[in-house]
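Enquirer: Have a peek at my_file.cif (mmCIF, C-alpha atoms).
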data_my_file
loop_
_atom_site.label_atom_id
_atom_site.label_comp_id
_atom_site.auth_asym_id
_atom_site.auth_seq_id
_atom_site.Cartn_x
_atom_site.Cartn_y
_atom_site.Cartn_z
CA MET Q 1 7.73 -3.13 -14.52
CA ALA Q 2 9.68 -2.34 -17.68
CA GLU Q 3 11.11 -5.27 -19.57
CA THR Q 4 14.87 -5.23 -19.82
CA GLU Q 5 17.25 -7.36 -21.79
CA ALA Q 6 18.59 -10.42 -20.01
CA LYS Q 7 21.93 -9.77 -18.31
CA SER Q 8 24.00 -11.55 -15.76
CA PHE Q 9 23.34 -10.58 -12.15
CA GLU Q 10 26.64 -8.74 -11.91
CA GLU Q 11 26.07 -6.91 -15.19
CA ALA Q 12 22.59 -5.86 -14.16
CA VAL Q 13 23.73 -4.49 -10.81
CA SER Q 14 26.79 -2.84 -12.33
CA SER Q 15 24.67 -1.24 -15.01
CA ALA Q 16 22.17 0.06 -12.45
CA ALA Q 17 24.93 1.40 -10.20
CA SER Q 18 26.57 3.21 -13.09
CA MET Q 19 23.32 5.08 -13.70
CA LEU Q 20 22.85 6.23 -10.12
CA VAL Q 21 24.79 9.41 -10.79
CA SER Q 22 24.77 11.39 -14.00
CA ILE Q 23 26.21 14.72 -15.03
CA ARG Q 24 25.22 17.45 -17.42
CA HIS Q 25 27.92 19.93 -18.37
CA GLU Q 26 26.83 23.50 -19.05
CA LYS Q 27 28.95 26.46 -20.10
CA GLY Q 28 29.30 27.79 -16.59
CA GLY Q 29 29.43 24.58 -14.61
CA THR Q 30 27.93 21.15 -14.21
CA PHE Q 31 24.75 19.63 -12.84
CA VAL Q 32 25.27 16.38 -10.94
CA THR Q 33 22.17 14.21 -10.53
CA THR Q 34 22.48 12.18 -7.32
CA PRO Q 35 20.65 9.01 -6.27
CA LEU Q 36 18.92 10.93 -3.47
CA ALA Q 37 15.28 11.92 -3.89
CA TYR Q 38 13.19 14.61 -2.19
CA PRO Q 39 9.91 13.52 -0.54
CA SER Q 40 8.13 14.53 -3.77
CA GLY Q 41 10.19 11.98 -5.71
CA GLY Q 42 12.32 14.52 -7.59
CA ALA Q 43 16.03 13.78 -7.71
CA VAL Q 44 18.45 15.87 -5.68
CA VAL Q 45 20.61 17.67 -8.25
CA ILE Q 46 23.77 19.55 -7.37
CA TRP Q 47 25.35 22.43 -9.28
CA VAL Q 48 29.12 22.79 -9.42
CA ASP Q 49 30.16 26.28 -10.47
CA ARG Q 50 33.58 27.46 -11.64
CA ALA Q 51 35.40 29.53 -9.04
CA PRO Q 52 39.06 29.04 -10.05
CA PRO Q 53 41.09 27.65 -8.44
CA HIS Q 54 38.15 26.41 -6.42
CA PHE Q 55 34.73 24.88 -7.04
CA LEU Q 56 31.45 26.34 -5.79
CA VAL Q 57 29.08 23.51 -4.94
CA SER Q 58 25.39 24.32 -4.44
CA ASP Q 59 21.94 22.77 -4.62
CA TYR Q 60 20.84 25.62 -6.93
CA SER Q 61 18.13 26.41 -4.33
CA PHE Q 62 16.18 23.31 -5.34
CA ALA Q 63 15.42 22.51 -1.69
CA ALA Q 64 14.08 26.04 -1.22
CA ARG Q 65 11.77 25.48 -4.14
CA GLU Q 66 10.71 22.04 -2.91
CA CYS Q 67 9.73 23.62 0.39
CA GLU Q 68 8.03 26.57 -1.27
CA ILE Q 69 5.78 24.39 -3.36
CA MET Q 70 4.83 22.56 -0.18
CA GLY Q 71 3.76 25.94 1.22
CA ALA Q 72 6.83 27.20 3.08
CA ASP Q 73 7.53 30.92 3.17
CA ARG Q 74 11.07 32.27 3.27
CA ARG Q 75 11.16 32.53 7.06
CA GLN Q 76 9.98 28.94 7.54
CA PHE Q 77 12.53 27.68 5.06
CA MET Q 78 15.44 29.73 6.37
CA ALA Q 79 14.76 28.75 9.99
CA ARG Q 80 15.28 25.12 9.06
CA ALA Q 81 17.94 25.62 6.41
CA GLU Q 82 20.23 27.69 8.61
CA ALA Q 83 20.28 24.98 11.27
CA VAL Q 84 20.98 22.29 8.69
CA ALA Q 85 23.72 24.38 7.04
CA MET Q 86 25.37 25.16 10.34
CA SER Q 87 25.55 21.53 11.37
CA ALA Q 88 27.12 20.61 8.03
CA GLY Q 89 29.51 23.58 7.92
CA VAL Q 90 28.13 25.05 4.70
CA GLU Q 91 26.49 28.39 3.80
CA ILE Q 92 23.06 29.54 2.70
CA ALA Q 93 22.97 31.90 -0.29
CA SER Q 94 20.47 34.76 -0.45
CA ASP Q 95 18.13 32.69 -2.62
CA GLY Q 96 18.16 29.82 -0.14
CA ALA Q 97 20.75 27.65 -1.93
CA PHE Q 98 23.03 25.52 0.21
CA GLN Q 99 26.56 26.19 -1.01
CA VAL Q 100 30.22 25.80 -0.17
CA GLN Q 101 33.45 26.68 -1.96
CA VAL Q 102 36.01 23.86 -1.94
CA SER Q 103 39.22 22.61 -3.50
CA GLU Q 104 39.32 19.76 -6.00
CA GLY Q 105 40.27 17.31 -3.26
CA GLN Q 106 37.18 18.28 -1.29
CA LEU Q 107 34.78 18.06 -4.20
CA VAL Q 108 33.34 14.59 -3.51
CA GLY Q 109 32.69 15.32 0.14
CA ALA Q 110 31.20 18.72 -0.64
CA ILE Q 111 28.78 17.30 -3.21
CA LYS Q 112 27.65 14.67 -0.70
CA ALA Q 113 27.27 17.24 2.07
CA ILE Q 114 25.29 19.72 -0.02
CA ALA Q 115 23.06 16.96 -1.40
CA ASN Q 116 22.29 15.72 2.09
CA CYS Q 117 21.61 19.25 3.40
CA SER Q 118 19.21 19.81 0.53
CA LEU Q 119 17.40 16.58 1.22
CA GLU Q 120 17.36 17.03 5.00
CA VAL Q 121 15.65 20.41 4.94
CA ALA Q 122 13.00 19.16 2.49
CA ILE Q 123 12.27 16.13 4.69
CA ASN Q 124 12.22 18.38 7.72
CA TYR Q 125 9.61 20.64 6.14
CA ALA Q 126 7.54 17.67 4.89
CA ASN Q 127 7.43 16.41 8.49
CA ARG Q 128 6.29 19.84 9.60
CA GLN Q 129 3.48 19.59 7.07
CA HIS Q 130 2.36 16.35 8.69
CA GLN Q 131 2.10 18.22 11.97
CA ARG Q 132 0.25 21.12 10.40
CA LYS Q 133 -2.28 18.70 8.99
CA ARG Q 134 -3.07 17.73 12.54
CA ALA Q 135 -4.05 21.32 13.20
CA ASP Q 136 -6.13 21.33 10.01
CA ALA Q 137 -7.85 18.12 11.10
CA GLY Q 138 -8.50 19.74 14.48
CA LEU Q 139 -10.11 22.76 12.86
CA MET Q 140 -12.23 20.55 10.62
CA LEU Q 141 -13.26 18.47 13.63
CA HIS Q 142 -14.25 21.53 15.63
CA GLN Q 143 -16.31 22.96 12.77
CA LYS Q 144 -18.09 19.66 12.28
CA LEU Q 145 -18.97 19.23 15.96
CA VAL Q 146 -20.17 22.84 16.23
CA ARG Q 147 -22.45 22.22 13.28
CA LEU Q 148 -23.83 19.05 14.91
CA TYR Q 149 -24.15 20.21 18.52
CA GLY Q 150 -23.99 24.00 18.52
CA GLU Q 151 -21.19 26.26 19.65
CA GLN Q 152 -22.31 26.33 23.28
CA HIS Q 153 -21.81 22.56 23.59
CA VAL Q 154 -18.39 22.29 21.96
CA ALA Q 155 -15.14 23.24 23.69
CA LYS Q 156 -11.63 23.50 22.25
CA GLU Q 157 -8.52 22.55 24.23
CA PHE Q 158 -10.70 21.02 26.89
CA GLU Q 159 -8.95 20.14 30.14
CA PHE Q 160 -9.80 16.73 31.58
CA ARG Q 161 -8.15 14.78 34.40
CA GLY Q 162 -7.27 11.12 34.03
CA ALA Q 163 -6.92 8.44 36.69
CA SER Q 164 -3.46 9.74 37.53
CA THR Q 165 -5.04 13.18 38.24
CA THR Q 166 -2.98 14.61 35.39
CA ALA Q 167 -4.90 17.42 33.67
CA TRP Q 168 -4.75 16.60 29.96
CA SER Q 169 -5.56 19.06 27.19
CA ILE Q 170 -8.01 17.43 24.76
CA ASP Q 171 -8.40 19.02 21.32
CA VAL Q 172 -12.22 19.16 21.26
CA ALA Q 173 -14.98 18.03 23.64
CA VAL Q 174 -18.75 17.84 23.25
CA THR Q 175 -20.32 18.88 26.55
CA ASN Q 176 -24.06 18.57 26.04
CA ASP Q 177 -24.30 15.87 28.68
CA ASP Q 178 -23.06 15.38 32.24
CA THR Q 179 -20.13 13.47 30.85
CA PRO Q 180 -18.20 15.08 28.02
CA ALA Q 181 -17.24 13.21 24.86
CA LEU Q 182 -13.55 13.72 24.11
CA PHE Q 183 -11.98 14.04 20.64
CA ASP Q 184 -8.24 14.21 20.00
CA THR Q 185 -6.75 14.66 16.53
CA VAL Q 186 -3.85 12.43 15.49
CA THR Q 187 -1.42 12.50 12.54
CA PRO Q 188 0.73 9.55 11.42
CA TRP Q 189 3.69 10.80 13.40
CA PHE Q 190 4.99 9.05 16.51
CA PRO Q 191 4.81 11.97 18.97
CA SER Q 192 1.22 12.70 17.90
CA VAL Q 193 0.12 9.08 18.33
CA ALA Q 194 1.99 8.73 21.63
CA SER Q 195 0.38 11.90 23.00
CA THR Q 196 -3.16 10.66 22.35
CA LEU Q 197 -2.33 7.21 23.70
CA ALA Q 198 -1.03 8.74 26.92
CA LYS Q 199 -4.12 10.93 27.40
CA PHE Q 200 -6.73 8.32 26.56
CA GLY Q 201 -4.83 5.53 28.32
CA ASP Q 202 -4.96 7.50 31.57
CA ILE Q 203 -8.57 8.66 31.17
CA ARG Q 204 -9.93 5.20 30.41
CA LEU Q 205 -8.70 4.00 33.82
CA LEU Q 206 -11.31 6.20 35.52
CA ASP Q 207 -14.31 4.42 37.06
CA ASN Q 208 -16.72 5.97 34.57
CA PRO Q 209 -14.55 7.14 31.71
CA PRO Q 210 -16.08 9.43 29.06
CA ALA Q 211 -16.26 8.49 25.39
CA ARG Q 212 -12.84 8.98 23.82
CA THR Q 213 -12.30 9.25 20.06
CA ALA Q 214 -9.04 9.60 18.19
CA VAL Q 215 -9.67 11.55 14.98
CA LEU Q 216 -7.21 10.69 12.20
CA SER Q 217 -6.10 13.34 9.73
CA THR Q 218 -5.95 10.53 7.16
CA LYS Q 219 -5.82 6.75 7.48
CA ASP Q 220 -2.55 6.55 5.54
CA GLY Q 221 0.69 5.88 7.36
CA PHE Q 222 -0.66 4.73 10.72
CA GLY Q 223 -0.18 0.98 10.29
CA SER Q 224 -0.52 -0.80 13.65
CA TRP Q 225 -0.79 2.55 15.46
CA ILE Q 226 -4.52 2.42 14.63
CA THR Q 227 -4.69 -0.83 16.60
CA ALA Q 228 -2.94 0.87 19.51
CA LEU Q 229 -5.33 3.83 19.35
CA ALA Q 230 -8.34 1.52 19.16
CA GLN Q 231 -7.21 -0.01 22.47
CA THR Q 232 -7.81 3.29 24.23
CA GLY Q 233 -10.87 4.68 22.44
CA ASN Q 234 -12.87 4.96 19.23
CA VAL Q 235 -11.06 5.87 16.04
CA LEU Q 236 -12.56 8.02 13.28
CA GLN Q 237 -11.27 9.79 10.21
CA ALA Q 238 -11.77 13.54 10.10
CA VAL Q 239 -13.81 13.10 6.92
CA ALA Q 240 -16.13 10.47 8.44
CA PRO Q 241 -19.91 11.08 8.02
CA ASP Q 242 -21.85 13.04 10.62
CA ASP Q 243 -23.56 9.93 11.89
CA ALA Q 244 -20.23 8.36 12.84
CA PHE Q 245 -19.46 11.40 15.00
CA ARG Q 246 -22.90 11.24 16.63
CA ARG Q 247 -22.30 7.60 17.51
CA ALA Q 248 -18.88 8.47 18.90
CA VAL Q 249 -20.46 11.04 21.24
CA LEU Q 250 -23.03 8.51 22.49
CA HIS Q 251 -20.52 5.71 22.88
CA MET U 1 -19.32 25.86 -5.67
CA PRO U 2 -16.95 22.87 -5.35
CA ASP U 3 -17.26 21.10 -2.01
CA THR U 4 -14.52 18.53 -2.45
CA LEU U 5 -10.92 18.74 -3.61
CA HIS U 6 -11.82 16.56 -6.57
CA GLU U 7 -14.54 19.00 -7.61
CA LEU U 8 -12.09 21.84 -7.10
CA VAL U 9 -9.60 20.27 -9.50
CA LYS U 10 -12.30 19.50 -12.05
CA ALA U 11 -13.94 22.95 -11.90
CA GLU U 12 -13.50 25.40 -14.75
CA LYS U 13 -11.25 28.19 -13.51
CA LEU U 14 -9.97 31.58 -14.49
CA ILE U 15 -6.87 33.45 -13.42
CA ALA U 16 -8.38 36.26 -11.35
CA ALA U 17 -5.48 38.68 -11.64
CA ALA U 18 -2.38 38.30 -13.77
CA SER U 19 0.94 39.52 -12.43
CA GLU U 20 4.61 39.60 -13.38
CA TRP U 21 7.11 36.90 -12.56
CA THR U 22 9.11 37.70 -9.44
CA ARG U 23 12.85 37.04 -9.30
CA LYS U 24 14.09 35.24 -6.17
CA GLY U 25 17.81 34.77 -6.66
CA ARG U 26 18.18 32.25 -9.43
CA ARG U 27 14.46 31.50 -9.50
CA LEU U 28 11.53 33.18 -11.17
CA GLU U 29 8.24 32.72 -9.32
CA LEU U 30 4.60 33.39 -9.99
CA LYS U 31 1.54 32.88 -7.78
CA LEU U 32 -1.88 33.75 -9.17
CA PRO U 33 -5.31 33.59 -7.47
CA LEU U 34 -7.97 31.58 -9.27
CA GLU U 35 -11.68 32.15 -9.52
CA ILE U 36 -14.52 29.72 -10.06
CA ASP U 37 -17.93 30.95 -11.21
CA GLY U 38 -17.08 34.52 -10.35
CA LEU U 39 -15.73 33.82 -6.87
CA ILE U 40 -12.03 33.97 -6.07
CA GLU U 41 -11.67 30.84 -3.96
CA GLU U 42 -9.71 31.44 -0.77
CA GLY U 43 -6.38 29.65 -0.87
CA LEU U 44 -6.67 28.42 -4.48
CA PHE U 45 -3.65 29.38 -6.57
CA LEU U 46 -1.73 28.63 -9.71
CA ARG U 47 1.96 28.63 -8.78
CA ALA U 48 4.74 28.61 -11.35
CA SER U 49 8.49 28.46 -11.06
CA ALA U 50 11.36 28.71 -13.53
CA LEU U 51 15.09 29.24 -13.38
CA GLU U 52 16.34 32.56 -14.70
CA ARG U 53 19.32 31.15 -16.55
CA LEU U 54 17.77 27.92 -17.80
CA PRO U 55 15.35 29.00 -20.53
CA ASP U 56 12.72 26.42 -21.45
CA ARG U 57 13.95 24.03 -18.78
CA GLU U 58 12.96 23.16 -15.22
CA VAL U 59 9.58 24.92 -15.42
CA VAL U 60 7.02 23.95 -12.81
CA PHE U 61 3.29 24.72 -12.74
CA GLN U 62 1.29 23.75 -9.69
CA LEU U 63 -2.38 23.95 -8.74
CA GLU U 64 -2.64 24.34 -4.97
CA TYR U 65 -5.25 24.89 -2.28
CA HIS U 66 -4.52 26.24 1.16
CA GLY U 67 -8.05 27.08 2.26
CA VAL U 68 -9.92 25.41 5.12
CA ARG U 69 -13.42 25.27 3.62
CA ILE U 70 -12.85 22.02 1.77
CA PRO U 71 -11.74 18.98 3.78
CA GLY U 72 -9.05 16.48 2.77
CA GLU U 73 -5.47 17.70 3.12
CA GLY U 74 -4.89 20.93 1.24
CA GLY U 75 -1.57 21.92 -0.30
CA PRO U 76 -0.37 20.96 -3.79
CA LEU U 77 -3.21 19.38 -5.81
CA ALA U 78 -1.53 18.79 -9.18
CA ARG U 79 1.75 19.70 -10.82
CA VAL U 80 3.42 19.73 -14.22
CA GLU U 81 7.21 19.74 -14.45
CA TRP U 82 8.31 20.64 -17.97
CA ASN U 83 11.82 19.80 -19.19
CA SER U 84 12.97 19.12 -15.67
CA ILE U 85 16.66 18.57 -15.18
CA ARG U 86 15.76 16.53 -12.11
CA PRO U 87 14.46 13.05 -12.97
CA HIS U 88 11.40 11.95 -11.01
CA ASN U 89 10.98 8.54 -9.39
CA ASN U 90 7.72 7.27 -7.85
CA LYS U 91 9.65 4.87 -5.65
CA GLY U 92 7.42 1.86 -4.87
CA ILE U 93 4.08 3.64 -4.89
CA GLY U 94 1.48 4.65 -7.47
CA PRO U 95 0.54 2.78 -10.64
CA PRO U 96 2.48 -0.50 -10.77
CA GLU U 97 3.74 0.12 -14.31
CA LEU U 98 5.41 3.37 -13.20
CA ARG U 99 7.12 2.24 -9.99
CA PHE U 100 10.88 2.70 -9.59
CA LEU U 101 11.20 4.15 -13.10
CA GLU U 102 13.07 7.35 -13.83
CA GLN U 103 10.79 9.90 -15.49
CA SER U 104 12.60 12.56 -17.44
CA PRO U 105 12.44 15.28 -18.59
CA SER U 106 8.71 16.18 -18.42
CA HIS U 107 6.16 14.65 -16.10
CA MET U 108 2.89 15.46 -14.37
CA HIS U 109 1.68 14.84 -10.84
CA LEU U 110 -2.03 14.20 -11.30
CA PHE U 111 -4.55 14.68 -8.51
CA GLU U 112 -6.11 11.31 -9.31
CA ASP U 113 -2.77 9.46 -9.05
CA ASN U 114 -2.14 10.95 -5.62
CA TRP U 115 -5.66 10.67 -4.20
CA SER U 116 -6.73 7.78 -2.00
CA ASP U 117 -10.43 6.93 -1.89
CA THR U 118 -9.69 4.74 1.10
CA THR U 119 -8.38 7.58 3.21
CA GLY U 120 -10.35 10.36 1.58
CA ALA U 121 -7.19 12.42 1.27
CA LEU U 122 -4.15 13.08 -0.87
CA ARG U 123 -0.99 11.15 -0.15
CA GLY U 124 1.46 13.05 2.01
CA ASP U 125 4.87 14.22 0.81
CA ASN U 126 3.97 16.69 -1.90
CA LEU U 127 2.28 14.67 -4.65
CA PRO U 128 4.85 11.87 -4.77
CA VAL U 129 3.28 10.01 -7.72
CA ALA U 130 3.93 11.27 -11.24
CA ARG U 131 3.57 10.01 -14.78
CA PRO U 132 5.15 11.15 -18.06
CA VAL U 133 3.28 13.78 -20.07
CA PRO U 134 1.33 12.15 -22.92
CA GLN U 135 3.49 13.70 -25.61
CA PRO U 136 6.58 15.92 -25.70
CA ILE U 137 5.84 19.59 -25.04
CA GLN U 138 7.46 21.91 -27.56
CA GLY U 139 7.98 25.37 -26.15
CA PHE U 140 6.59 27.48 -23.35
CA ASP U 141 3.36 28.41 -25.13
CA GLU U 142 2.54 24.75 -25.71
CA CYS U 143 3.38 24.06 -22.08
CA LEU U 144 0.91 26.77 -21.03
CA ARG U 145 -1.82 25.27 -23.17
CA PHE U 146 -1.15 21.83 -21.72
CA VAL U 147 -1.25 23.15 -18.16
CA GLY U 148 -4.39 25.16 -18.89
CA SER U 149 -6.13 22.08 -20.21
CA LEU U 150 -4.97 19.86 -17.34
CA PHE U 151 -5.79 22.33 -14.55
CA ARG U 152 -8.89 23.66 -16.38
CA ILE U 153 -7.69 27.24 -16.31
CA ASN U 154 -9.36 28.79 -19.32
CA ASN U 155 -7.37 32.01 -19.54
CA ILE U 156 -3.94 30.48 -18.85
CA THR U 157 -2.46 32.50 -21.71
CA LEU U 158 -2.48 35.49 -19.34
CA VAL U 159 0.70 33.98 -17.92
CA LYS U 160 3.64 35.72 -19.53
CA THR U 161 6.80 34.02 -20.66
CA PRO U 162 9.39 34.16 -17.85
CA GLU U 163 12.05 36.79 -18.29
CA TRP U 164 14.77 34.28 -18.90
CA VAL U 165 18.35 35.42 -19.21
CA TYR U 166 19.89 34.04 -22.37
CA SER U 167 23.62 33.92 -21.91
CA PHE U 168 26.50 31.69 -22.78
CA ASP U 169 27.52 31.30 -19.17
CA LEU U 170 25.32 30.09 -16.33
#
Represent the structure of the file as structure tokens.
Expert:
Amino acid sequence: MAETEAKSFEEAVSSAASMLVSIRHEKGGTFVTTPLAYPSGGAVVIWVDRAPPHFLVSDYSFAARECEIMGADRRQFMARAEAVAMSAGVEIASDGAFQVQVSEGQLVGAIKAIANCSLEVAINYANRQHQRKRADAGLMLHQKLVRLYGEQHVAKEFEFRGASTTAWSIDVAVTNDDTPALFDTVTPWFPSVASTLAKFGDIRLLDNPPARTAVLSTKDGFGSWITALAQTGNVLQAVAPDDAFRRAVLH
Amino acid sequence: MPDTLHELVKAEKLIAAASEWTRKGRRLELKLPLEIDGLIEEGLFLRASALERLPDREVVFQLEYHGVRIPGEGGPLARVEWNSIRPHNNKGIGPPELRFLEQSPSHMHLFEDNWSDTTGALRGDNLPVARPVPQPIQGFDECLRFVGSLFRINNITLVKTPEWVYSFDL
């Protein structure tokens, strides 16, 4: 933590608040640095362009770039950005910038709206990345189990009925025994965790339930969800050693 | 051949094929495949981004991996943001001495700062931990050399200077 000079409480807070927003005037307009931050930690910066007698407020396509460097192509970005822009009543420029032309009296609201659109689409895409990582973890899991047990004994999207007779789709199953061993990949995202809990919770109520293993894309971000998952089956990380997977199959 | 993301970052690399910057509206973009020991690694790229009308500002270089051969959360692996007009903030994560501090104008998102040995993966959210560059970078050529050294890309000078538009009005 950086050392700062001693100030009164009010002075310290006032000083911090005064630095939350800053501006940089250029020839053609002004950059406004807001207190908002993209998932990457970069500040959300807004560009206000001259359009006399109006003002053209945009995010200078910074959100488009944030998404691109996370791996988004134009279609993936635009699909999300158009929905965000529509709900906020602003436009999308050809380069993916959120923008709106407003009067002076609307300037504050427009800057806030554009900043929030820019942030929202970046968060939206970051969440999508979390989901994609589940698919990556699933692929890694499948490759690992095929290597350990051979392709003929490993099934993807394996259907298995729980005590409720619901037919659940399990990501990967090892079927080299009478009873399959079930593996479901999970990302630190509520719907993903809830899905695996529902499947394994139902299957474990069978008289002779098969081995069930939740495979985590990473261990980060799960918190007490790991405890919940451990109540319905084994829990492994996708990068766990081969021996841990062999034990999970035998469990 | 690197078998982990850490080895991939540390490996000596070459730009496999140089290309021109592409204009996308206000942005100039570049994405170049990288080779290691004679093999162009699937999904391994140097990505760069600049703003057409902001010469020598807001330049981003990123090392990224989108292949499936190497486990551990692909995507951005390391990034340098030179003369960024957008201050960076690590929020409450990363090295304690850098938490909640505004980093401006140049900073780097190191693989090591964003890697977790506990989870065996990079943190989510696009390399959220950054630190200031060790010393100010003077000019695009110096920036290239810094990036080349950091990402271990030995022929980084193949990257051309962006075709910035120098004008009095943005």
Enquirer: Show me, as number ranges by chain, the residues that have an atom within 12 Å of range 225-236 of chain Q when counting all atoms listed in the file, minus same-chain residues fewer than 5 positions from it.
Expert: Q: 137, 141, 181-205, 209-220, 241-251; U: 119
Enquirer: Determine the residue set returned by the PyMOL selection byres ((chain Q) within 9 of (chain U)) for the present structure, and present it as a PyMOL selection string.
Expert: chain Q and resi 1-2+24+26-29+31+33+37-45+49+60-61+65-66+69-71+93-96+123+126-127+129-130+133+136-137+139-140+217-221+237-240
Enquirer: Just want the 12 Å neighbourhood of Gly109 in chain Q, counted on all atoms listed in the file, with same-chain residues fewer than 6 positions away dropped. Output as a VMD selection string.
Expert: chain Q and resid 57 88 to 90 100 to 103 115 to 116
Enquirer: State, in Å with one decimal place, the distance from CA of Ile92 in chain Q to CA of Arg74 in chain Q.
Expert: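 Value for the CA of Ile92 in chain Q-CA of Arg74 in chain Q distance: 12.3 Å.
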Enquirer: CA of Ala51 in chain Q and CA of Leu107 in chain Q, how far apart in Å?
Expert: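 Pair CA of Leu107 in chain Q / CA of Ala51 in chain Q returns 12.5 Å.
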Enquirer: Report as an NGL selection string the residues that result from applying the PyMOL selection byres ((chain U and resi 108) around 8) to the structure here.
Expert: :U and (78-81 or 106-107 or 109-110 or 130-133)
Enquirer: Kindly provide, as a list in words, the polymer residues lying within 9 Å of (-3.9, 36.8, -15.7), counting only C-alpha atoms and using the coordinates exactly as they appear in the file.
Expert: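 Selection result: Leu14, Ile15, Ala16, Ala17, Ala18, Ser19, Leu32, Pro33, Asn155, Ile156, Thr157, Leu158, Val159 and Lys160 of chain U.
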Enquirer: Quick check, in Å to one decimal: how far apart do CA of Phe98 in chain Q and CA of Met78 in chain Q lie?
Expert: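 Going from CA of Phe98 in chain Q over to CA of Met78 in chain Q, I get 10.6 Å.
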